Amino acid sequence: MSLLDSLGLHRKELRAWAMYDWANSAMVTVVVTAIFPIYFSSVAAADLPKSEATYRYALATTLALAVIAVLAPILGAIADHAGIKKRLLGGFLVIGAAAVAAMFFIERGDWLLAAGLFVIANIAVNGSYVFYDAFLPHIAEPEEMDRVSTAGYALGYVGGGLLLALNLAWIMKPAAFGLPSGPDLTPAQATLPTRIAFLSVAVWWAVFSIPLFRHVREPQATGTGRLSLGGAFRQLGVTLRELGRFRQGLLMLIAFLIYNDGIGTIIRMATIYGEELQLDRTWLIASIMIVQFVGVPFSFAFGWLAKKIGAKRAIFFGLVAYAGISVLGYYMKTGTDFLILALLVGVVQGGTQALSRSLFASMIPRQKSAEFFGFFAVVEKFAGIFGPAVFAQVIAVTGSSRAAILSIVVFFVLGGTLLHFVNVEDGQRAARAAEPVTT
């Protein structure tokens, strides 16, 4: 077996598909996770109390995910029926890249503009995932899906980490890149390196998406011609009834809804939580870099682990680790504590999410991939809604984020319990039996 084969990247379309993870992870890493939360708190919302800035950031996250949760299944039905997954993905890409590029114009006190652009960019990147994920069962054979999915996450860590490292280089050492530096800068000059970082994300996201559009084929449409909005809603009802036929896939979806709530909250709120605790930003940025680059080998390792013990057991391992991370997060006090937690997150984050994606993909019929991944996206986004919403509510009640970190344990325990009852083999048999016979 060649190296590319063992990594799940042995065909051109597999590599092109995985490169979209490389492309969009720059937006997730720089904007959602690392630089924008700090910029929002310290610049855009600089005139607000720290806890209020965190609260408004959490609400913006909740709003964005709520919107895409409503849109995803409708767009999924349209994409399958009309065979326009690539077009819809491209539309979200353009909107998202434009919103991120417009972040260049955010200055001190512009928290409303910052929140609005953040909402649009979040809707766009998460909307694109519906169609990106839907390609997985079309480009990979059943026995390849775990490796291909984890390979995508691994490339995402590399791409996001590389651009973040470059962004941090010119933010921390602007003079080396010919950017304004020194003690007497105007506010616009002082924030210029960070604002240029947002522009770089938009370019990176767009350019590295090109291989997917060139080398991944549009799957055959399940219907004839375009689907009206009314037709999309009718098809949505059909898909809901069909989803009920695939009971193991549905149970997996519910389990994912619950445990991914915890994962999504940790991803989205960790940096601004550390900012609220007044940890040195060097520690915060170092922790994000640790997650990115530790995540690369361990994403591949989870693909290997799934081959040995099965995807379901490998996900269990990740959920146990996440429960421990939540408990440790409650007691976190120092930058060193934050780095240790980042190391643990890097070990399990990519693999757990990648295997959740491939496990669900293996339990749905391929010709309905966008429709079913539309519901997967709904579940994923509602998971992202509940966590930040709870986070915001706890802050409103207690004035601190520490208790919210501990509450996340409940999601991992309940989600893991439901996952235990998923019969993967039965689910895969049902999905294959529902696929049309090809000659």
# chains A, B, ... in the order shown; residues from 1 in each chain; ligands from 1
call {"tool": "residues_around", "arguments": {"residues": "stretch 195-198 of chain A", "least_positions_apart": "4", "cutoff": "7 Å", "atoms": "only C-alpha atoms", "output": "NGL selection string"}}
result
:A and (100-101 or 103-104 or 167 or 191 or 202)
call {"tool": "residues_around", "arguments": {"residues": "A:Gly91", "least_positions_apart": "3", "cutoff": "12 Å", "atoms": "only C-alpha atoms", "output": "PyMOL selection string"}}
result
chain A and resi 75+84-88+94-98+123-125+127-128+131+206
call {"tool": "write_last_selection", "arguments": {"atoms": "C-alpha atoms", "output": "PDB file, in the first residue's frame"}}
result
ATOM      1  CA  LEU A  75     -30.770  23.728   0.008  1.00  0.00           C
ATOM      2  CA  ILE A  84     -26.181  21.774  -8.414  1.00  0.00           C
ATOM      3  CA  LYS A  85     -24.078  20.966  -5.355  1.00  0.00           C
ATOM      4  CA  LYS A  86     -20.996  22.621  -6.839  1.00  0.00           C
ATOM      5  CA  ARG A  87     -22.901  25.763  -7.825  1.00  0.00           C
ATOM      6  CA  LEU A  88     -24.369  26.201  -4.379  1.00  0.00           C
ATOM      7  CA  VAL A  94     -18.130  33.862  -2.814  1.00  0.00           C
ATOM      8  CA  ILE A  95     -20.396  35.336  -0.131  1.00  0.00           C
ATOM      9  CA  GLY A  96     -18.181  34.101   2.688  1.00  0.00           C
ATOM     10  CA  ALA A  97     -14.914  35.261   1.159  1.00  0.00           C
ATOM     11  CA  ALA A  98     -16.421  38.695   0.492  1.00  0.00           C
ATOM     12  CA  ILE A 123     -23.483  31.282   7.479  1.00  0.00           C
ATOM     13  CA  ALA A 124     -21.413  30.993   4.306  1.00  0.00           C
ATOM     14  CA  VAL A 125     -18.730  28.619   5.545  1.00  0.00           C
ATOM     15  CA  GLY A 127     -23.547  26.427   4.311  1.00  0.00           C
ATOM     16  CA  SER A 128     -20.715  25.295   2.062  1.00  0.00           C
ATOM     17  CA  PHE A 131     -22.474  20.329  -0.162  1.00  0.00           C
ATOM     18  CA  ALA A 206     -11.058  31.183  -2.718  1.00  0.00           C
TER      19      ALA A 206
END
call {"tool": "closest_residue", "arguments": {"among": "A:Gln220, A:Thr150, A:Thr334, A:Gln292", "to": "A:Ser369", "atoms": "only C-alpha atoms"}}
result
A:Gln220
call {"tool": "closest_residue", "arguments": {"among": "A:Gly161, A:Arg366, A:His420, A:Ser287", "to": "A:Ala314", "atoms": "only C-alpha atoms"}}
result
A:His420
call {"tool": "select_by_dssp", "arguments": {"residues": "stretch 47-281 of chain A", "states": "alpha helix (DSSP H)", "output": "PyMOL selection string"}}
result
chain A and resi 50-82+85-102+111-134+136-139+145-172+187-207+210-215+229-245+247-276+281
call {"tool": "residues_around", "arguments": {"residues": "stretch 345-350 of chain A", "least_positions_apart": "4", "cutoff": "10 Å", "atoms": "only C-alpha atoms", "output": "JSON, numbers by chain"}}
result
{"A": [149, 150, 151, 152, 153, 154, 156, 157, 263, 264, 266, 267, 287, 288, 289, 290, 291, 292, 293, 294, 295, 296, 297, 298, 299, 300, 301, 302, 314, 315, 317, 318, 319, 320, 321, 322, 325, 339, 340, 341, 354, 355, 356]}
call {"tool": "write_last_selection", "arguments": {"atoms": "C-alpha atoms", "output": "compact mmCIF listing (two decimals), in the first residue's frame"}}
result
# COMPACT_ATOMS: atom_id res chain seq x y z
CA SER A 149 -12.72 12.01 5.91
CA THR A 150 -9.86 12.09 8.43
CA ALA A 151 -7.44 13.06 5.64
CA GLY A 152 -9.62 16.06 4.87
CA TYR A 153 -9.53 17.17 8.49
CA ALA A 154 -5.75 16.66 8.62
CA GLY A 156 -7.53 21.38 7.09
CA TYR A 157 -5.29 21.57 10.13
CA ILE A 263 -17.21 20.00 20.76
CA GLY A 264 -18.54 23.06 18.94
CA ILE A 266 -15.09 24.38 22.98
CA ILE A 267 -13.96 25.27 19.45
CA SER A 287 -2.53 27.01 22.18
CA ILE A 288 -4.27 27.46 18.84
CA MET A 289 -1.07 26.57 16.98
CA ILE A 290 -0.73 23.46 19.14
CA VAL A 291 -4.26 22.36 18.22
CA GLN A 292 -3.57 22.92 14.53
CA PHE A 293 -0.34 21.00 14.24
CA VAL A 294 -1.02 18.28 16.81
CA GLY A 295 -4.30 17.74 14.96
CA VAL A 296 -2.54 16.75 11.73
CA PRO A 297 -0.96 13.44 12.79
CA PHE A 298 -3.77 12.59 15.18
CA SER A 299 -6.45 13.07 12.51
CA PHE A 300 -4.63 10.51 10.38
CA ALA A 301 -4.18 8.36 13.50
CA PHE A 302 -7.94 8.32 14.09
CA ALA A 314 -12.79 5.56 18.06
CA ILE A 315 -15.42 8.29 18.53
CA PHE A 317 -12.40 7.47 22.85
CA GLY A 318 -12.63 11.09 21.70
CA LEU A 319 -15.76 11.78 23.79
CA VAL A 320 -14.15 10.45 26.98
CA ALA A 321 -11.18 12.73 26.34
CA TYR A 322 -13.47 15.71 25.76
CA ILE A 325 -11.00 18.42 28.94
CA LEU A 339 -1.57 24.83 26.61
CA ILE A 340 -2.14 21.42 28.16
CA LEU A 341 -5.83 21.60 27.31
CA ALA A 354 -14.13 13.40 10.84
CA LEU A 355 -15.25 9.93 11.92
CA SER A 356 -18.69 11.28 12.86
call {"tool": "closest_residue", "arguments": {"among": "A:Ile408, A:Ile78, A:Leu253, A:Ile68", "to": "A:Phe360", "atoms": "only C-alpha atoms"}}
result
A:Leu253
